[in-house]
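Report on the following structure.
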Amino acid sequence: MAKYEPGPLPTREEILDFVRNFSGGKVTKRDIARAFAVKGPDKVFLKKLLRELTEEGFLTKDAGHALRPADRLPGVQVVEFDGLDKGGEALLKPVNYEGEGKPPLIILSHKKGKRPGPTMGPGDRALVRLTCIKDKPPIYRASILKILKPAPKAVMGVFHGGPNGGRVHPTDKKNRDEYWVDRDDVMGAEEGELVLAEPVKSNRQMGPKRVRIKERLGDVSDARSISMIAIHSLDIPYEFPEEAIKAAEAAKAVSLGDRTDLRDIPLITIDPSDARDHDDAIWAEADTNPDNEGGWHAIVAIADVAHYVTTGSALDREAIKRGNSCYFPDRVVPMLPEALSAGLCSLMPGEERACMAVHIWFDKDGRKLRHKFIRGLMKSAANVSYERAQAALDGEPDDLTAPLLESVLKPLHSTFKAIMKARAKRQPLELDMPERKIVLDEAGHVAGITVRDRFDAHKIVEELMITANVCAAEELEKHRVPAMYRVHEEPPMDKLESLRDFLGTLDLNLAKGSVMMPRLFNGILAQVKDSPHELLVNQVVLRSQTQAYYSPDNMGHFGLALPRYAHFTSPIRRYADLVVHRGLIRALKLGKDGLTDEQADQLSAIGEQISSTERRAMAAERESTDRYLANYLADHVGDEFFGRVTGVTRFGLFVSLEPSGGDGLIPISELGMDYYSLDEAHHRLVGERSGEEFKLGDRLKVRLTEANRFTGGLKLDLVRDEDNVPGVTSRKQHKKLGARHDRSGGRPARGRNKRPAGRSKAKGQ
């Protein structure tokens, strides 16, 4: 037998270099031995050396005895979303990081091409494969292996205490659980206090889930807690980091320099009377060009937010994290700190302000002839409320509007009337949905609920803003600069078929096989104008539409009947508009603070992020409105109201109360002594024995039986009388149903809405 000859053993440094640079996935002792030709008894010495490196903290072991440098993360890791970097790339962090200090930087790797891989947003978790792309400090690229279920969310609720702890009742009306708090986890919470609680692992198999009080949010009976519930439950950032606040407070007003001087032009802002930020100003005059007789020249000036919020700055990082401002009846959660949103970026009367402006020329029929973007310095002549502007146009000017009537307001109104001629030819979607406004008193309680008035003054501003947005999209395309489009795609076929079937029940016909255009919907809406079905048809048409979103890929705006559209007019409150401003600055060489190559490459990720934050803001605003309405109606439990059916489901009817607009549920068990099956195509519930039917748009008399101040939920009962049983085929049948209801004492009898004997179990499911 040949005598064994020991070979040279690798040094500690050679082993560490090999493990650090190993590219074959997991590295094991066998891989090291093979790489350095370690054989026979020398493997014992190698094993000892690896053990020493591990004990001394240079190496660490993963599952399956794989080795890695102790300062490196495992090659496969569970991570969660941790915001976006200055270029808009998603940043991740390890879920269970045990190292010292902050976890290393992990950047989500996006696949190139038309079909990118999965992405991540707030609250998302994923299993990823990591590739180290830089050693000191370590930076990783992550590719997603699998999207995981989101982490357990903190529970917001009302705390009710006891001697051994307490319970938390969630404010989320979809969450019917109750949570237990041990006395060591109460954290000083008091009876009736609004709290944020985090899940706690427990060995208890029975009873409520266990939580720990994480944050006390104040007295839940305080009306100002209502918006805070929505803010916390949807993780809306509402406190600015110190770095962003200092940057906003350090900002300085601009001088004229290379900007175009607009200070002598009487631009005005027209806003709601309670608006705190004013980011758009307008002005118009008759066009003096003899070749455009009867035409108009308008200026739309927008706060130059890009000058103050530069790409990658602390302000920019916070703005992209928020995506947009959120508006509640009692407060605003702004995208930018107040020093900017209500200060230097707000076009206050008499104050010099930096602006991005667009000159627009129209012919006498409202067709846009041309436009020109500039970067300017302006001084607003006045801030006028919609009501005062309309009163002036109606012949009742006041001290503020009288000097502006002939020089500004009337030319603006004439420009608007010309634009409306072009709009009528374009025929965008003309939905007529009432918008309600919650009026609060000084204590923050609901003093009343009104329907917002729609004046020409509103439409003047809207139409000029739409035109300015079109100009921005056209300008960016002209210069081949990446744009953030506002996309609204045409309705999908399945929704159109459902809409077509429903309209057929009302003897209305939505043309089949035609190119889908908004004017086809407008024809339907015109047929039901001022009819009992008007609100119903408007609601169903609205539900057939897709949701708008932000994207660098232009798919057009179906609702506005525009081939290209980009948001330009509200950079104080929408990050999309700020991106468009930067694009225009780059395209027109108006400064060094334009769109960077790095951010241009990340527009897809940014579009997904800000579309997500927009949906989040809409949900928060809707939730807070529901809670305010429930607080307002809590003093009217037992009262009877009329309302319209706005939703038909297997479990009951959603009814919007008049005039408040509060949405409540009539459980299916409250409808009557019958089995009600859902006819989805016709949006109705039909009683199998009685023939009684309840459908979308029906006007019903209901009784409010419950108004939950904390969840915003309203529960209703159907009031049965001679005029309140829709769809019943005979008066005799109506009386029979009424008698059944009376025998149950006005409440649902046990077994009501159970499947009648002999009926198919599948029917109505």
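As shown in the structure tokens, the chain order sets the letters A, B, ...; within each chain, residues go from 1, and ligands are also counted from 1 in the order they appear.
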List every residue of range 371-619 of chain A that DSSP, applied to the backbone of this structure, places in strand (DSSP E or B), and write the result as an mmCIF file with all heavy atoms, in the first residue's frame.
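Writing done, so here's out-v6.cif:
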```cif
data_model
loop_
_atom_site.group_PDB
_atom_site.id
_atom_site.type_symbol
_atom_site.label_atom_id
_atom_site.label_comp_id
_atom_site.auth_asym_id
_atom_site.auth_seq_id
_atom_site.Cartn_x
_atom_site.Cartn_y
_atom_site.Cartn_z
ATOM 1 N N HIS A 371 -49.253 75.024 -27.197
ATOM 2 C CA HIS A 371 -48.957 75.320 -25.794
ATOM 3 C C HIS A 371 -47.466 75.572 -25.644
ATOM 4 O O HIS A 371 -46.664 75.238 -26.522
ATOM 5 C CB HIS A 371 -49.404 74.167 -24.885
ATOM 6 C CG HIS A 371 -48.637 72.900 -25.098
ATOM 7 N ND1 HIS A 371 -49.126 71.850 -25.850
ATOM 8 C CD2 HIS A 371 -47.412 72.512 -24.689
ATOM 9 C CE1 HIS A 371 -48.248 70.875 -25.878
ATOM 10 N NE2 HIS A 371 -47.181 71.249 -25.185
ATOM 11 N N LYS A 372 -47.085 76.144 -24.503
ATOM 12 C CA LYS A 372 -45.679 76.425 -24.224
ATOM 13 C C LYS A 372 -45.452 76.367 -22.718
ATOM 14 O O LYS A 372 -46.122 77.066 -21.950
ATOM 15 C CB LYS A 372 -45.295 77.809 -24.756
ATOM 16 C CG LYS A 372 -43.845 78.187 -24.458
ATOM 17 C CD LYS A 372 -43.539 79.611 -24.919
ATOM 18 C CE LYS A 372 -42.094 79.998 -24.565
ATOM 19 N NZ LYS A 372 -41.801 81.400 -24.952
ATOM 20 N N PHE A 373 -44.496 75.535 -22.296
ATOM 21 C CA PHE A 373 -44.155 75.428 -20.876
ATOM 22 C C PHE A 373 -43.007 76.367 -20.537
ATOM 23 O O PHE A 373 -42.069 76.544 -21.323
ATOM 24 C CB PHE A 373 -43.738 74.000 -20.526
ATOM 25 C CG PHE A 373 -44.898 73.055 -20.354
ATOM 26 C CD1 PHE A 373 -45.346 72.292 -21.418
ATOM 27 C CD2 PHE A 373 -45.535 72.935 -19.123
ATOM 28 C CE1 PHE A 373 -46.414 71.420 -21.270
ATOM 29 C CE2 PHE A 373 -46.602 72.076 -18.962
ATOM 30 C CZ PHE A 373 -47.049 71.311 -20.034
ATOM 31 N N ILE A 374 -43.075 76.960 -19.330
ATOM 32 C CA ILE A 374 -42.005 77.815 -18.823
ATOM 33 C C ILE A 374 -41.805 77.530 -17.338
ATOM 34 O O ILE A 374 -42.643 76.896 -16.693
ATOM 35 C CB ILE A 374 -42.330 79.318 -19.002
ATOM 36 C CG1 ILE A 374 -43.621 79.667 -18.230
ATOM 37 C CG2 ILE A 374 -42.440 79.699 -20.480
ATOM 38 C CD1 ILE A 374 -43.870 81.152 -18.113
ATOM 39 N N ARG A 375 -40.669 77.978 -16.834
ATOM 40 C CA ARG A 375 -40.428 77.966 -15.389
ATOM 41 C C ARG A 375 -40.419 79.421 -14.951
ATOM 42 O O ARG A 375 -39.632 80.216 -15.468
ATOM 43 C CB ARG A 375 -39.091 77.302 -15.083
ATOM 44 C CG ARG A 375 -39.037 76.589 -13.748
ATOM 45 C CD ARG A 375 -37.836 75.711 -13.613
ATOM 46 N NE ARG A 375 -37.915 74.940 -12.378
ATOM 47 C CZ ARG A 375 -36.979 74.117 -11.955
ATOM 48 N NH1 ARG A 375 -35.871 73.963 -12.661
ATOM 49 N NH2 ARG A 375 -37.123 73.448 -10.820
ATOM 50 N N GLY A 376 -41.322 79.779 -14.046
ATOM 51 C CA GLY A 376 -41.525 81.196 -13.780
ATOM 52 C C GLY A 376 -41.527 81.588 -12.326
ATOM 53 O O GLY A 376 -41.335 80.768 -11.411
ATOM 54 N N LEU A 377 -41.755 82.878 -12.107
ATOM 55 C CA LEU A 377 -41.958 83.460 -10.781
ATOM 56 C C LEU A 377 -43.265 84.234 -10.849
ATOM 57 O O LEU A 377 -43.435 85.085 -11.731
ATOM 58 C CB LEU A 377 -40.802 84.387 -10.409
ATOM 59 C CG LEU A 377 -40.837 84.957 -8.984
ATOM 60 C CD1 LEU A 377 -40.608 83.849 -7.961
ATOM 61 C CD2 LEU A 377 -39.780 86.060 -8.812
ATOM 62 N N MET A 378 -44.211 83.923 -9.971
ATOM 63 C CA MET A 378 -45.540 84.531 -10.018
ATOM 64 C C MET A 378 -45.912 85.121 -8.670
ATOM 65 O O MET A 378 -45.254 84.883 -7.656
ATOM 66 C CB MET A 378 -46.581 83.479 -10.412
ATOM 67 C CG MET A 378 -46.701 82.326 -9.441
ATOM 68 S SD MET A 378 -48.239 81.385 -9.606
ATOM 69 C CE MET A 378 -49.420 82.511 -8.864
ATOM 70 N N LYS A 379 -46.981 85.918 -8.699
ATOM 71 C CA LYS A 379 -47.557 86.465 -7.470
ATOM 72 C C LYS A 379 -49.074 86.402 -7.616
ATOM 73 O O LYS A 379 -49.659 87.124 -8.424
ATOM 74 C CB LYS A 379 -47.108 87.907 -7.238
ATOM 75 C CG LYS A 379 -47.603 88.499 -5.916
ATOM 76 C CD LYS A 379 -47.321 89.992 -5.830
ATOM 77 C CE LYS A 379 -45.834 90.260 -5.705
ATOM 78 N NZ LYS A 379 -45.568 91.712 -5.501
ATOM 79 N N SER A 380 -49.712 85.534 -6.851
ATOM 80 C CA SER A 380 -51.159 85.357 -6.957
ATOM 81 C C SER A 380 -51.888 86.653 -6.606
ATOM 82 O O SER A 380 -51.568 87.304 -5.606
ATOM 83 C CB SER A 380 -51.610 84.234 -6.020
ATOM 84 O OG SER A 380 -53.013 84.184 -5.941
ATOM 85 N N ALA A 382 -55.181 86.744 -5.954
ATOM 86 C CA ALA A 382 -56.222 86.472 -4.948
ATOM 87 C C ALA A 382 -56.448 84.976 -4.852
ATOM 88 O O ALA A 382 -56.190 84.224 -5.791
ATOM 89 C CB ALA A 382 -57.536 87.165 -5.328
ATOM 90 N N ASN A 383 -56.931 84.576 -3.692
ATOM 91 C CA ASN A 383 -57.466 83.224 -3.534
ATOM 92 C C ASN A 383 -58.971 83.364 -3.372
ATOM 93 O O ASN A 383 -59.456 84.011 -2.440
ATOM 94 C CB ASN A 383 -56.868 82.522 -2.324
ATOM 95 C CG ASN A 383 -57.545 81.194 -2.038
ATOM 96 O OD1 ASN A 383 -58.128 80.991 -0.981
ATOM 97 N ND2 ASN A 383 -57.519 80.294 -3.005
ATOM 98 N N VAL A 384 -59.730 82.762 -4.280
ATOM 99 C CA VAL A 384 -61.181 82.914 -4.310
ATOM 100 C C VAL A 384 -61.818 81.546 -4.085
ATOM 101 O O VAL A 384 -61.404 80.555 -4.694
ATOM 102 C CB VAL A 384 -61.637 83.491 -5.673
ATOM 103 C CG1 VAL A 384 -63.134 83.755 -5.662
ATOM 104 C CG2 VAL A 384 -60.859 84.757 -6.004
ATOM 105 N N SER A 385 -62.811 81.488 -3.236
ATOM 106 C CA SER A 385 -63.526 80.220 -3.042
ATOM 107 C C SER A 385 -64.447 79.974 -4.238
ATOM 108 O O SER A 385 -64.824 80.900 -4.957
ATOM 109 C CB SER A 385 -64.341 80.251 -1.751
ATOM 110 O OG SER A 385 -65.436 81.135 -1.879
ATOM 111 N N ARG A 436 -70.967 63.797 -1.276
ATOM 112 C CA ARG A 436 -71.396 64.324 0.018
ATOM 113 C C ARG A 436 -70.230 64.912 0.804
ATOM 114 O O ARG A 436 -69.106 64.434 0.713
ATOM 115 C CB ARG A 436 -72.101 63.241 0.837
ATOM 116 C CG ARG A 436 -73.487 62.929 0.291
ATOM 117 C CD ARG A 436 -74.185 61.812 1.023
ATOM 118 N NE ARG A 436 -75.574 61.718 0.615
ATOM 119 C CZ ARG A 436 -75.999 61.131 -0.489
ATOM 120 N NH1 ARG A 436 -75.127 60.576 -1.296
ATOM 121 N NH2 ARG A 436 -77.282 61.103 -0.797
ATOM 122 N N LYS A 437 -70.536 65.941 1.582
ATOM 123 C CA LYS A 437 -69.536 66.609 2.398
ATOM 124 C C LYS A 437 -69.946 66.528 3.857
ATOM 125 O O LYS A 437 -71.092 66.829 4.215
ATOM 126 C CB LYS A 437 -69.403 68.081 1.980
ATOM 127 C CG LYS A 437 -68.407 68.861 2.823
ATOM 128 C CD LYS A 437 -68.351 70.324 2.406
ATOM 129 C CE LYS A 437 -67.369 71.099 3.275
ATOM 130 N NZ LYS A 437 -67.326 72.533 2.889
ATOM 131 N N ILE A 438 -69.012 66.107 4.714
ATOM 132 C CA ILE A 438 -69.266 66.035 6.151
ATOM 133 C C ILE A 438 -68.839 67.357 6.771
ATOM 134 O O ILE A 438 -67.692 67.792 6.622
ATOM 135 C CB ILE A 438 -68.498 64.869 6.787
ATOM 136 C CG1 ILE A 438 -69.027 63.552 6.225
ATOM 137 C CG2 ILE A 438 -68.617 64.882 8.297
ATOM 138 C CD1 ILE A 438 -68.282 62.337 6.698
ATOM 139 N N VAL A 439 -69.763 68.004 7.463
ATOM 140 C CA VAL A 439 -69.501 69.294 8.099
ATOM 141 C C VAL A 439 -69.284 69.056 9.589
ATOM 142 O O VAL A 439 -70.136 68.470 10.267
ATOM 143 C CB VAL A 439 -70.678 70.267 7.884
ATOM 144 C CG1 VAL A 439 -70.375 71.608 8.535
ATOM 145 C CG2 VAL A 439 -70.960 70.435 6.393
ATOM 146 N N LEU A 440 -68.120 69.504 10.100
ATOM 147 C CA LEU A 440 -67.790 69.321 11.511
ATOM 148 C C LEU A 440 -67.938 70.630 12.272
ATOM 149 O O LEU A 440 -67.705 71.712 11.726
ATOM 150 C CB LEU A 440 -66.351 68.814 11.662
ATOM 151 C CG LEU A 440 -65.993 67.517 10.926
ATOM 152 C CD1 LEU A 440 -64.532 67.167 11.189
ATOM 153 C CD2 LEU A 440 -66.900 66.377 11.345
ATOM 154 N N VAL A 446 -69.789 65.767 14.014
ATOM 155 C CA VAL A 446 -70.524 65.983 12.772
ATOM 156 C C VAL A 446 -71.718 66.897 13.022
ATOM 157 O O VAL A 446 -72.614 66.569 13.810
ATOM 158 C CB VAL A 446 -71.008 64.643 12.180
ATOM 159 C CG1 VAL A 446 -71.748 64.878 10.873
ATOM 160 C CG2 VAL A 446 -69.824 63.707 11.944
ATOM 161 N N ALA A 447 -71.692 68.046 12.368
ATOM 162 C CA ALA A 447 -72.792 68.996 12.521
ATOM 163 C C ALA A 447 -73.843 68.800 11.429
ATOM 164 O O ALA A 447 -75.001 69.181 11.597
ATOM 165 C CB ALA A 447 -72.260 70.430 12.471
ATOM 166 N N GLY A 448 -73.448 68.192 10.338
ATOM 167 C CA GLY A 448 -74.395 67.968 9.253
ATOM 168 C C GLY A 448 -73.714 67.312 8.072
ATOM 169 O O GLY A 448 -72.488 67.230 7.997
ATOM 170 N N ILE A 449 -74.520 66.826 7.148
ATOM 171 C CA ILE A 449 -74.021 66.172 5.936
ATOM 172 C C ILE A 449 -74.747 66.800 4.760
ATOM 173 O O ILE A 449 -75.978 66.820 4.719
ATOM 174 C CB ILE A 449 -74.261 64.658 5.976
ATOM 175 C CG1 ILE A 449 -73.505 64.046 7.155
ATOM 176 C CG2 ILE A 449 -73.810 64.008 4.685
ATOM 177 C CD1 ILE A 449 -74.049 62.748 7.623
ATOM 178 N N THR A 450 -73.984 67.343 3.830
ATOM 179 C CA THR A 450 -74.576 68.044 2.696
ATOM 180 C C THR A 450 -74.069 67.438 1.386
ATOM 181 O O THR A 450 -73.045 66.755 1.355
ATOM 182 C CB THR A 450 -74.220 69.540 2.726
ATOM 183 O OG1 THR A 450 -72.792 69.684 2.626
ATOM 184 C CG2 THR A 450 -74.689 70.187 4.016
ATOM 185 N N VAL A 451 -74.773 67.687 0.315
ATOM 186 C CA VAL A 451 -74.318 67.307 -1.021
ATOM 187 C C VAL A 451 -73.536 68.482 -1.580
ATOM 188 O O VAL A 451 -74.000 69.623 -1.568
ATOM 189 C CB VAL A 451 -75.506 66.969 -1.938
ATOM 190 C CG1 VAL A 451 -75.010 66.692 -3.356
ATOM 191 C CG2 VAL A 451 -76.270 65.771 -1.399
ATOM 192 N N TYR A 485 -47.726 58.270 -16.865
ATOM 193 C CA TYR A 485 -49.068 58.485 -17.394
ATOM 194 C C TYR A 485 -50.122 58.137 -16.339
ATOM 195 O O TYR A 485 -49.915 57.269 -15.488
ATOM 196 C CB TYR A 485 -49.309 57.623 -18.627
ATOM 197 C CG TYR A 485 -48.478 58.016 -19.825
ATOM 198 C CD1 TYR A 485 -47.297 57.342 -20.112
ATOM 199 C CD2 TYR A 485 -48.882 59.052 -20.666
ATOM 200 C CE1 TYR A 485 -46.530 57.691 -21.214
ATOM 201 C CE2 TYR A 485 -48.123 59.403 -21.766
ATOM 202 C CZ TYR A 485 -46.939 58.722 -22.036
ATOM 203 O OH TYR A 485 -46.187 59.077 -23.124
ATOM 204 N N ARG A 486 -51.243 58.811 -16.437
ATOM 205 C CA ARG A 486 -52.438 58.412 -15.703
ATOM 206 C C ARG A 486 -53.244 57.562 -16.670
ATOM 207 O O ARG A 486 -53.746 58.062 -17.682
ATOM 208 C CB ARG A 486 -53.234 59.639 -15.259
ATOM 209 C CG ARG A 486 -54.497 59.326 -14.471
ATOM 210 C CD ARG A 486 -54.194 58.617 -13.170
ATOM 211 N NE ARG A 486 -55.371 58.578 -12.298
ATOM 212 C CZ ARG A 486 -55.390 57.967 -11.119
ATOM 213 N NH1 ARG A 486 -54.310 57.340 -10.674
ATOM 214 N NH2 ARG A 486 -56.476 57.972 -10.383
ATOM 215 N N VAL A 487 -53.346 56.276 -16.367
ATOM 216 C CA VAL A 487 -53.940 55.317 -17.285
ATOM 217 C C VAL A 487 -55.317 54.892 -16.798
ATOM 218 O O VAL A 487 -55.496 54.554 -15.624
ATOM 219 C CB VAL A 487 -53.033 54.070 -17.431
ATOM 220 C CG1 VAL A 487 -53.690 53.030 -18.328
ATOM 221 C CG2 VAL A 487 -51.670 54.467 -17.977
ATOM 222 N N HIS A 488 -56.285 54.936 -17.691
ATOM 223 C CA HIS A 488 -57.613 54.386 -17.405
ATOM 224 C C HIS A 488 -58.016 53.550 -18.614
ATOM 225 O O HIS A 488 -58.385 54.091 -19.657
ATOM 226 C CB HIS A 488 -58.627 55.505 -17.156
ATOM 227 C CG HIS A 488 -59.998 55.001 -16.824
ATOM 228 N ND1 HIS A 488 -61.138 55.450 -17.447
ATOM 229 C CD2 HIS A 488 -60.406 54.064 -15.938
ATOM 230 C CE1 HIS A 488 -62.190 54.823 -16.962
ATOM 231 N NE2 HIS A 488 -61.767 53.965 -16.045
ATOM 232 N N TYR A 549 -54.735 54.009 -12.865
ATOM 233 C CA TYR A 549 -53.463 53.754 -12.191
ATOM 234 C C TYR A 549 -52.369 54.557 -12.890
ATOM 235 O O TYR A 549 -52.597 55.191 -13.933
ATOM 236 C CB TYR A 549 -53.129 52.257 -12.197
ATOM 237 C CG TYR A 549 -52.990 51.643 -13.575
ATOM 238 C CD1 TYR A 549 -51.744 51.550 -14.205
ATOM 239 C CD2 TYR A 549 -54.100 51.154 -14.262
ATOM 240 C CE1 TYR A 549 -51.614 50.989 -15.465
ATOM 241 C CE2 TYR A 549 -53.974 50.588 -15.528
ATOM 242 C CZ TYR A 549 -52.730 50.512 -16.124
ATOM 243 O OH TYR A 549 -52.608 49.961 -17.377
ATOM 244 N N TYR A 550 -51.163 54.532 -12.306
ATOM 245 C CA TYR A 550 -50.017 55.250 -12.863
ATOM 246 C C TYR A 550 -49.052 54.263 -13.515
ATOM 247 O O TYR A 550 -48.775 53.194 -12.963
ATOM 248 C CB TYR A 550 -49.283 56.028 -11.772
ATOM 249 C CG TYR A 550 -50.104 57.158 -11.192
ATOM 250 C CD1 TYR A 550 -50.673 57.056 -9.928
ATOM 251 C CD2 TYR A 550 -50.303 58.334 -11.910
ATOM 252 C CE1 TYR A 550 -51.427 58.090 -9.401
ATOM 253 C CE2 TYR A 550 -51.054 59.374 -11.395
ATOM 254 C CZ TYR A 550 -51.618 59.249 -10.130
ATOM 255 O OH TYR A 550 -52.364 60.269 -9.614
ATOM 256 N N SER A 551 -48.532 54.632 -14.682
ATOM 257 C CA SER A 551 -47.620 53.745 -15.391
ATOM 258 C C SER A 551 -46.808 54.541 -16.412
ATOM 259 O O SER A 551 -47.307 55.520 -16.979
ATOM 260 C CB SER A 551 -48.409 52.646 -16.116
ATOM 261 O OG SER A 551 -47.566 51.874 -16.953
ATOM 262 N N HIS A 557 -56.556 57.238 -21.691
ATOM 263 C CA HIS A 557 -57.513 57.466 -20.599
ATOM 264 C C HIS A 557 -58.912 57.328 -21.179
ATOM 265 O O HIS A 557 -59.421 58.224 -21.846
ATOM 266 C CB HIS A 557 -57.313 58.842 -19.982
ATOM 267 C CG HIS A 557 -57.926 58.976 -18.614
ATOM 268 N ND1 HIS A 557 -59.290 58.910 -18.411
ATOM 269 C CD2 HIS A 557 -57.372 59.139 -17.383
ATOM 270 C CE1 HIS A 557 -59.539 59.055 -17.117
ATOM 271 N NE2 HIS A 557 -58.395 59.185 -16.472
ATOM 272 N N LEU A 562 -59.245 60.431 -23.955
ATOM 273 C CA LEU A 562 -58.001 61.071 -24.347
ATOM 274 C C LEU A 562 -56.948 60.011 -24.675
ATOM 275 O O LEU A 562 -56.804 59.032 -23.937
ATOM 276 C CB LEU A 562 -57.481 61.972 -23.223
ATOM 277 C CG LEU A 562 -58.333 63.213 -22.913
ATOM 278 C CD1 LEU A 562 -57.886 63.857 -21.624
ATOM 279 C CD2 LEU A 562 -58.237 64.210 -24.072
ATOM 280 N N ARG A 574 -49.432 64.953 -4.927
ATOM 281 C CA ARG A 574 -49.311 63.709 -5.681
ATOM 282 C C ARG A 574 -47.893 63.573 -6.216
ATOM 283 O O ARG A 574 -47.401 64.470 -6.902
ATOM 284 C CB ARG A 574 -50.303 63.679 -6.866
ATOM 285 C CG ARG A 574 -51.746 63.582 -6.478
ATOM 286 C CD ARG A 574 -52.641 63.372 -7.695
ATOM 287 N NE ARG A 574 -52.449 64.349 -8.742
ATOM 288 C CZ ARG A 574 -53.446 64.965 -9.388
ATOM 289 N NH1 ARG A 574 -54.701 64.699 -9.074
ATOM 290 N NH2 ARG A 574 -53.189 65.832 -10.351
#
```
- Counting only C-alpha atoms, figure out which residue out of A:Trp283, A:Tyr308, A:Phe654, A:Phe362 gets nearest to Thr467 in chain A. A:Phe362
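Proximity to Cys355 in chain A was assessed for A:Val200, A:Val637, A:Leu194, A:Leu590 counting only C-alpha atoms; the smallest distance is recorded for A:Leu590.
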- Query: Tell me, which residues of range 367-494 of chain A carry DSSP helix (DSSP H, G or I), written as JSON, numbers by chain?
  - Reply: {"A": [386, 387, 388, 389, 390, 391, 392, 393, 402, 403, 404, 405, 406, 407, 408, 409, 410, 411, 412, 413, 414, 415, 416, 417, 418, 419, 420, 421, 422, 423, 424, 425, 426, 456, 457, 458, 459, 460, 461, 462, 463, 464, 465, 466, 467, 468, 469, 470, 471, 472, 473, 474, 475, 476, 477, 478, 493, 494]}
- Residues near Pro170 in chain A, cut-off 8 Å, only C-alpha atoms, skip fewer than 6 positions along chain, as a PyMOL selection string: chain A and resi 155-158+176-178+711
Next, write the just-selected residues to a file, as a PDB file, in the first residue's frame, keeping N, CA and C atoms as the atom set.
```pdb
ATOM      1  N   VAL A 155     -53.328  45.073  15.779  1.00  0.00           N
ATOM      2  CA  VAL A 155     -54.781  45.206  15.885  1.00  0.00           C
ATOM      3  C   VAL A 155     -55.101  46.544  16.530  1.00  0.00           C
ATOM      4  N   MET A 156     -55.947  47.327  15.876  1.00  0.00           N
ATOM      5  CA  MET A 156     -56.427  48.548  16.497  1.00  0.00           C
ATOM      6  C   MET A 156     -57.803  48.277  17.079  1.00  0.00           C
ATOM      7  N   GLY A 157     -58.012  48.747  18.303  1.00  0.00           N
ATOM      8  CA  GLY A 157     -59.303  48.496  18.924  1.00  0.00           C
ATOM      9  C   GLY A 157     -59.509  49.322  20.172  1.00  0.00           C
ATOM     10  N   VAL A 158     -60.622  49.064  20.824  1.00  0.00           N
ATOM     11  CA  VAL A 158     -60.983  49.755  22.067  1.00  0.00           C
ATOM     12  C   VAL A 158     -60.668  48.819  23.230  1.00  0.00           C
ATOM     13  N   ARG A 176     -64.288  40.223  13.528  1.00  0.00           N
ATOM     14  CA  ARG A 176     -65.267  39.942  14.573  1.00  0.00           C
ATOM     15  C   ARG A 176     -64.639  39.280  15.797  1.00  0.00           C
ATOM     16  N   ASP A 177     -63.304  39.170  15.804  1.00  0.00           N
ATOM     17  CA  ASP A 177     -62.618  38.548  16.941  1.00  0.00           C
ATOM     18  C   ASP A 177     -62.561  39.493  18.129  1.00  0.00           C
ATOM     19  N   GLU A 178     -62.254  38.904  19.269  1.00  0.00           N
ATOM     20  CA  GLU A 178     -61.981  39.656  20.485  1.00  0.00           C
ATOM     21  C   GLU A 178     -60.619  39.183  20.978  1.00  0.00           C
ATOM     22  N   THR A 711     -66.494  50.964  14.406  1.00  0.00           N
ATOM     23  CA  THR A 711     -66.245  50.297  13.129  1.00  0.00           C
ATOM     24  C   THR A 711     -66.859  51.040  11.953  1.00  0.00           C
TER      25      THR A 711
END
```
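Considering the residues A:Lys701, A:Arg480, A:Lys39, A:Lys459 and counting only C-alpha atoms, Arg644 in chain A has its shortest atom-to-atom contact with A:Lys701.
Checking A:Lys529, A:Arg34, A:His160, A:Lys410 one by one against Gln390 in chain A, counting only C-alpha atoms, you find the shortest gap at A:Lys410.
Proximity of A:Lys592, A:Ser660, A:Gly652, A:Asp261 to Ser677 in chain A, computed with only C-alpha atoms, is greatest for A:Gly652.
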- What lies within 8 Å of Ile610 in chain A using only C-alpha atoms, ignoring chain neighbours under 5 positions off, as a PyMOL selection string? chain A and resi 320+322-324+550+575-576
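Coordinates place CA of Val655 in chain A at a distance of 17.0 Å from CA of Tyr676 in chain A.
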